[in-house]
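Some notes on the structure that comes next.
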Amino acid sequence: MSASSGIRFDSVTVAYDGNVVLDALDLTVGPGEVMALLGPSGSGKTTALRAVAGFVRPASGRVLLGDRDVTGLPPHRRGIGMVVQSYALFPHMRVEDNVAFGLKARKVSRAEIRERVGEALEMTGMAAYARRHPRELSGGQQQRVAIARALAIRPGVLLLDEPLSALDAQLRSGMLAELARLHRELPDVSMLYVTHDQVEALTLADRIAVMDNARLRACGTPRALYRAPADAFTASFVGGANLLPVTVGVAGVSFGDAEIKVATEGVAPGATATLCVRPHLVGLGDGPNRLTGTVGEVQWRGATHRLLVDVAGHRVMADVRELRTPPVVGEAVRLHFASDDVVLLPAGVGRG
């Protein structure tokens, strides 16, 4: 890890009044990597980010930026850029002055401030708005200014705390594309991106750290966590999944009256486990690993219909291509999925 970039949590614990809100976190964000911290409210993800920023002091453990131990340093001495969901722009300042704020605090020369402000506004597509006040901008434009301000100091580390949560769906999609572009243009900047939105994490991150109940549950590439989650919680929180309690047999598992073919290496016959299959991999009609159930709900989602089917006392989700004549509530249907699309997990149901 270089001296100027990358983040390492070395067994970092944070507690308030004896209540542990981040429990012995060990995690490394490489130089130039985008790491998403994904988890429900109260999982510890924002606390981890605030520990890097210097806004909370760990009860134990260390925070390192590159090879520097910054655990005891105040925020302004860490050289970090930060973007929060509320934008935190100064309403009385023009855009260019908001972007210049951090540089002025660092006593950068006027000539260099002009250069860096122009560079940051150009990079975020806001150069034409330099003389406007925040009240004259849309939410998406204000967020771009907040990002420009963070980038103007040329940080080795950029922290983003739910940066898109205040935007509507269309703006959020556009800003995700912009952040991905910035990542490509700033290959040496490490980004720690806190979100509870699975799509943001899957779209932007090189790796995702899944947090729950103050602890790290899993960490890996989006593809690995999606296709081969380590446990039921990770499966349910990264992309959504059908999680069905099954009993392991010799050549597969049983779920209700159905026999399902799936690899069971390392699991003893008679043991209980959780079968994981993604909704878009569940088909309607006859096929391998057939389940029979009753339609409980039909949701039209534009390109697809989501069917919620009651099977053996459990709800199974199937996302199928938009149907000209979808089944109706109460109708008996058959579902199926390929054995290669199934993952067998330890027993237990995730939440999320």
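Simple scheme: letters A, B, ... for chains in structure tokens order, numbers from 1 for residues in each chain, numbers from 1 for ligands in the order shown.
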Produce a table with one row for each residue of region 228-305 of chain A that has an atom at most 7 Å from any atom of region 209-224 of chain A, each row naming the nearest atom pair and its distance in Å at one decimal; use only C-alpha atoms; arrange rows by chain and rising residue number; format as CSV.
```
residue,atom,partner,partner_atom,distance
A:Ala228,CA,A:Ala224,CA,5.5
A:Pro229,CA,A:Ala224,CA,6.9
A:Thr234,CA,A:Val210,CA,6.9
```
Got time to write the residues from that selection, C-alpha atoms, as a PDB file, in the first residue's frame?
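To be explicit, this is the file written out as part_3.pdb:
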```
ATOM      1  CA  ALA A 228     -21.773 -17.561  -4.312  1.00  0.00           C
ATOM      2  CA  PRO A 229     -22.775 -15.857  -1.042  1.00  0.00           C
ATOM      3  CA  THR A 234     -25.351 -11.973   2.552  1.00  0.00           C
TER       4      THR A 234
END
```
**OP:** From a DSSP pass on the backbone, collect the residues of region 137-307 of chain A flagged as alpha helix (DSSP H) and hand them back as JSON, numbers by chain.
**Re:** {"A": [139, 140, 141, 142, 143, 144, 145, 146, 147, 148, 149, 150, 151, 152, 169, 170, 171, 172, 173, 174, 175, 176, 177, 178, 179, 180, 181, 182, 183, 184, 185, 198, 199, 200, 201, 202, 203, 204, 222, 223, 224, 225, 226, 227, 232, 233, 234, 235, 236, 237]}
Original post:
Which residues, written as a PyMOL selection string, have at least one atom at most 8 Å from Arg62 (chain A), with only C-alpha atoms counted and residues fewer than 3 positions away on the same chain left out?
Top reply: chain A and resi 9-12+58+69-71
Since we have the selection now, will you write its residues out, keeping N, CA, C and O atoms, as a PDB file, in the first residue's frame?
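Saved file out28.pdb follows:
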```
ATOM      1  N   PHE A   9      -8.365  -0.879   8.209  1.00  0.00           N
ATOM      2  CA  PHE A   9      -8.927  -0.992   9.554  1.00  0.00           C
ATOM      3  C   PHE A   9      -8.221  -2.154  10.244  1.00  0.00           C
ATOM      4  O   PHE A   9      -8.298  -3.293   9.781  1.00  0.00           O
ATOM      5  N   ASP A  10      -7.551  -1.868  11.320  1.00  0.00           N
ATOM      6  CA  ASP A  10      -6.815  -2.884  12.063  1.00  0.00           C
ATOM      7  C   ASP A  10      -7.539  -3.146  13.380  1.00  0.00           C
ATOM      8  O   ASP A  10      -7.318  -2.468  14.370  1.00  0.00           O
ATOM      9  N   SER A  11      -8.471  -4.107  13.345  1.00  0.00           N
ATOM     10  CA  SER A  11      -9.248  -4.502  14.527  1.00  0.00           C
ATOM     11  C   SER A  11      -9.880  -3.288  15.217  1.00  0.00           C
ATOM     12  O   SER A  11      -9.770  -3.109  16.428  1.00  0.00           O
ATOM     13  N   VAL A  12     -10.572  -2.472  14.425  1.00  0.00           N
ATOM     14  CA  VAL A  12     -11.147  -1.220  14.931  1.00  0.00           C
ATOM     15  C   VAL A  12     -12.480  -1.484  15.639  1.00  0.00           C
ATOM     16  O   VAL A  12     -13.413  -2.044  15.053  1.00  0.00           O
ATOM     17  N   PRO A  58     -11.707   5.410  17.829  1.00  0.00           N
ATOM     18  CA  PRO A  58     -11.887   4.003  18.199  1.00  0.00           C
ATOM     19  C   PRO A  58     -11.562   3.757  19.668  1.00  0.00           C
ATOM     20  O   PRO A  58     -10.646   4.364  20.234  1.00  0.00           O
ATOM     21  N   ASP A  69      -0.436   5.809  10.406  1.00  0.00           N
ATOM     22  CA  ASP A  69      -1.417   5.568  11.460  1.00  0.00           C
ATOM     23  C   ASP A  69      -2.054   6.919  11.792  1.00  0.00           C
ATOM     24  O   ASP A  69      -1.409   7.804  12.360  1.00  0.00           O
ATOM     25  N   VAL A  70      -3.338   7.072  11.424  1.00  0.00           N
ATOM     26  CA  VAL A  70      -4.018   8.359  11.623  1.00  0.00           C
ATOM     27  C   VAL A  70      -5.035   8.299  12.764  1.00  0.00           C
ATOM     28  O   VAL A  70      -5.832   9.216  12.929  1.00  0.00           O
ATOM     29  N   THR A  71      -4.987   7.234  13.547  1.00  0.00           N
ATOM     30  CA  THR A  71      -6.007   7.027  14.582  1.00  0.00           C
ATOM     31  C   THR A  71      -6.154   8.232  15.496  1.00  0.00           C
ATOM     32  O   THR A  71      -7.268   8.590  15.882  1.00  0.00           O
TER      33      THR A  71
END
```
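Residues in contact with Glu265 (chain A) at up to 10 Å, not including ones fewer than 5 positions away on its chain and judged by only C-alpha atoms, are Val250, Ala251, Gly252 and Leu344 of chain A.
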Original post:
Can you list, as a VMD selection string, every protein, DNA or RNA residue that comes within 12 Å of Pro245 (chain A) when you count only C-alpha atoms, leaving out same-chain residues fewer than 3 positions away?
Top reply: chain A and resid 232 242 248 253 to 256 271 to 277 311 to 316 344 to 350
Take the selection from the previous step and output its residues with N, CA and C atoms, as a PDB file, in the first residue's frame.
```pdb
ATOM      1  N   ALA A 232     -26.799 -16.884   4.479  1.00  0.00           N
ATOM      2  CA  ALA A 232     -28.130 -16.449   4.082  1.00  0.00           C
ATOM      3  C   ALA A 232     -28.294 -14.939   4.174  1.00  0.00           C
ATOM      4  N   ASN A 242     -34.332 -16.102  -2.947  1.00  0.00           N
ATOM      5  CA  ASN A 242     -35.189 -17.092  -2.306  1.00  0.00           C
ATOM      6  C   ASN A 242     -34.312 -17.927  -1.383  1.00  0.00           C
ATOM      7  N   VAL A 248     -30.895 -32.279   3.594  1.00  0.00           N
ATOM      8  CA  VAL A 248     -29.913 -32.834   2.668  1.00  0.00           C
ATOM      9  C   VAL A 248     -30.097 -34.338   2.542  1.00  0.00           C
ATOM     10  N   VAL A 253     -31.351 -32.355  -2.252  1.00  0.00           N
ATOM     11  CA  VAL A 253     -32.054 -31.928  -1.044  1.00  0.00           C
ATOM     12  C   VAL A 253     -33.551 -32.055  -1.271  1.00  0.00           C
ATOM     13  N   SER A 254     -34.297 -32.069  -0.168  1.00  0.00           N
ATOM     14  CA  SER A 254     -35.750 -32.110  -0.265  1.00  0.00           C
ATOM     15  C   SER A 254     -36.330 -30.834   0.321  1.00  0.00           C
ATOM     16  N   PHE A 255     -37.360 -30.316  -0.353  1.00  0.00           N
ATOM     17  CA  PHE A 255     -38.082 -29.135   0.099  1.00  0.00           C
ATOM     18  C   PHE A 255     -39.566 -29.443  -0.057  1.00  0.00           C
ATOM     19  N   GLY A 256     -40.242 -29.624   1.071  1.00  0.00           N
ATOM     20  CA  GLY A 256     -41.623 -30.086   0.993  1.00  0.00           C
ATOM     21  C   GLY A 256     -41.666 -31.449   0.334  1.00  0.00           C
ATOM     22  N   ALA A 271     -28.806 -33.581   7.341  1.00  0.00           N
ATOM     23  CA  ALA A 271     -28.573 -32.242   7.890  1.00  0.00           C
ATOM     24  C   ALA A 271     -29.534 -31.244   7.269  1.00  0.00           C
ATOM     25  N   THR A 272     -29.799 -30.169   7.980  1.00  0.00           N
ATOM     26  CA  THR A 272     -30.621 -29.094   7.425  1.00  0.00           C
ATOM     27  C   THR A 272     -29.704 -28.040   6.813  1.00  0.00           C
ATOM     28  N   ALA A 273     -30.208 -27.349   5.798  1.00  0.00           N
ATOM     29  CA  ALA A 273     -29.441 -26.316   5.110  1.00  0.00           C
ATOM     30  C   ALA A 273     -30.413 -25.307   4.530  1.00  0.00           C
ATOM     31  N   THR A 274     -29.878 -24.279   3.882  1.00  0.00           N
ATOM     32  CA  THR A 274     -30.698 -23.262   3.228  1.00  0.00           C
ATOM     33  C   THR A 274     -30.369 -23.258   1.745  1.00  0.00           C
ATOM     34  N   LEU A 275     -31.404 -23.403   0.930  1.00  0.00           N
ATOM     35  CA  LEU A 275     -31.240 -23.375  -0.521  1.00  0.00           C
ATOM     36  C   LEU A 275     -31.414 -21.938  -0.991  1.00  0.00           C
ATOM     37  N   CYS A 276     -30.461 -21.442  -1.769  1.00  0.00           N
ATOM     38  CA  CYS A 276     -30.490 -20.068  -2.281  1.00  0.00           C
ATOM     39  C   CYS A 276     -30.620 -20.100  -3.800  1.00  0.00           C
ATOM     40  N   VAL A 277     -31.641 -19.415  -4.314  1.00  0.00           N
ATOM     41  CA  VAL A 277     -31.789 -19.259  -5.760  1.00  0.00           C
ATOM     42  C   VAL A 277     -32.353 -17.864  -6.021  1.00  0.00           C
ATOM     43  N   VAL A 311     -45.298 -22.024  -1.710  1.00  0.00           N
ATOM     44  CA  VAL A 311     -44.861 -23.406  -1.934  1.00  0.00           C
ATOM     45  C   VAL A 311     -44.515 -24.014  -0.592  1.00  0.00           C
ATOM     46  N   ALA A 312     -45.224 -25.052  -0.199  1.00  0.00           N
ATOM     47  CA  ALA A 312     -44.933 -25.783   1.043  1.00  0.00           C
ATOM     48  C   ALA A 312     -44.831 -24.844   2.243  1.00  0.00           C
ATOM     49  N   GLY A 313     -45.690 -23.837   2.274  1.00  0.00           N
ATOM     50  CA  GLY A 313     -45.714 -22.916   3.405  1.00  0.00           C
ATOM     51  C   GLY A 313     -44.669 -21.817   3.340  1.00  0.00           C
ATOM     52  N   HIS A 314     -43.968 -21.701   2.223  1.00  0.00           N
ATOM     53  CA  HIS A 314     -42.959 -20.653   2.058  1.00  0.00           C
ATOM     54  C   HIS A 314     -43.232 -19.862   0.781  1.00  0.00           C
ATOM     55  N   ARG A 315     -42.812 -18.608   0.778  1.00  0.00           N
ATOM     56  CA  ARG A 315     -42.989 -17.762  -0.403  1.00  0.00           C
ATOM     57  C   ARG A 315     -41.775 -17.880  -1.314  1.00  0.00           C
ATOM     58  N   VAL A 316     -42.031 -18.162  -2.578  1.00  0.00           N
ATOM     59  CA  VAL A 316     -40.974 -18.234  -3.581  1.00  0.00           C
ATOM     60  C   VAL A 316     -41.202 -17.123  -4.603  1.00  0.00           C
ATOM     61  N   LEU A 344     -26.107 -23.909  -2.013  1.00  0.00           N
ATOM     62  CA  LEU A 344     -26.495 -24.473  -0.733  1.00  0.00           C
ATOM     63  C   LEU A 344     -25.717 -23.766   0.367  1.00  0.00           C
ATOM     64  N   LEU A 345     -26.443 -23.200   1.333  1.00  0.00           N
ATOM     65  CA  LEU A 345     -25.859 -22.399   2.403  1.00  0.00           C
ATOM     66  C   LEU A 345     -26.105 -23.063   3.753  1.00  0.00           C
ATOM     67  N   PRO A 346     -25.343 -22.650   4.766  1.00  0.00           N
ATOM     68  CA  PRO A 346     -25.649 -23.161   6.110  1.00  0.00           C
ATOM     69  C   PRO A 346     -27.073 -22.835   6.520  1.00  0.00           C
ATOM     70  N   ALA A 347     -27.655 -23.633   7.357  1.00  0.00           N
ATOM     71  CA  ALA A 347     -29.039 -23.429   7.791  1.00  0.00           C
ATOM     72  C   ALA A 347     -29.173 -22.078   8.450  1.00  0.00           C
ATOM     73  N   GLY A 348     -30.321 -21.439   8.223  1.00  0.00           N
ATOM     74  CA  GLY A 348     -30.574 -20.103   8.797  1.00  0.00           C
ATOM     75  C   GLY A 348     -31.109 -19.201   7.726  1.00  0.00           C
ATOM     76  N   VAL A 349     -31.986 -18.297   8.100  1.00  0.00           N
ATOM     77  CA  VAL A 349     -32.620 -17.410   7.160  1.00  0.00           C
ATOM     78  C   VAL A 349     -32.032 -16.028   7.314  1.00  0.00           C
ATOM     79  N   GLY A 350     -31.659 -15.433   6.203  1.00  0.00           N
ATOM     80  CA  GLY A 350     -31.142 -14.063   6.247  1.00  0.00           C
ATOM     81  C   GLY A 350     -32.260 -13.065   6.387  1.00  0.00           C
TER      82      GLY A 350
END
```
Original post:
Which is closest to Ala241 (chain A) among A:Arg301, A:Arg306, A:Arg207, A:His280, if we use only C-alpha atoms?
Top reply: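 Ranking A:Arg301, A:Arg306, A:Arg207, A:His280 by distance to Ala241 (chain A), first place goes to A:His280.
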**OP:** Within 8 Å of Thr47 (chain A), counting only C-alpha atoms, which residues show up once you throw out same-chain ones fewer than 5 positions away? Write them as a PyMOL selection string, please.
**Re:** chain A and resi 14+21-22+56
Original post:
Could you pull out all residues of region 70-216 of chain A with a DSSP call of strand (DSSP E) and give them as a list in words?
Top reply: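 Going through region 70-216 of chain A, the strand (DSSP E) residues come out as Ile80, Gly81, Met82, Val83, Val84, Val157, Leu158, Leu159, Leu160, Asp161, Ser190, Met191, Leu192, Tyr193, Val194, Thr195, Arg207, Ile208, Ala209, Val210, Met211, Asp212, Arg215 and Leu216 of chain A.
Near Lys45 (chain A), within 7 Å and counting only C-alpha atoms, sit A:Leu37, A:Leu38, A:Gly39, A:Val194, A:Met211; same-chain residues fewer than 6 positions away were not included.
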Original post:
At what distance in Å, to one decimal, does CA of Arg78 (chain A) lie from CA of Ile7 (chain A)?
Top reply: 11.5 Å
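Between CA of Gly81 (chain A) and CA of Leu186 (chain A) the separation is 13.1 Å.
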Subject >> Two-atom distance - CA of Ala235 (chain A), CA of Val333 (chain A) (Å) >> reply: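 Answer for the CA of Ala235 (chain A) to CA of Val333 (chain A) separation: 25.4 Å.
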Original post:
Taking into account only C-alpha atoms, which residue in the set A:Ile260, A:Asp97, A:Gly140, A:Val320 is nearest to Ile113 (chain A)?
Top reply: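 With only C-alpha atoms as the atom set, the closest residue is A:Asp97.
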Original post:
For Leu182 (chain A), which of A:Thr124, A:Gln170, A:Thr292, A:Ser165 is the closest residue, counting only C-alpha atoms?
Top reply: A:Thr124
Subject >> Among the residues A:Ala148, A:Val246, A:Met82, A:Val52, the one that comes closest to Val29 (chain A) [using only C-alpha atoms] >> reply: A:Val52
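When only C-alpha atoms are used to compute distances to Asp67 (chain A), the closest of the residues A:Ser5, A:Val34, A:Gln299, A:Leu159 turns out to be A:Ser5.
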Original post:
Nearest to Arg227 (chain A) among A:Ala146, A:Met123, A:Leu281, A:Ala130, with distances taken over only C-alpha atoms: which residue is it?
Top reply: A:Leu281
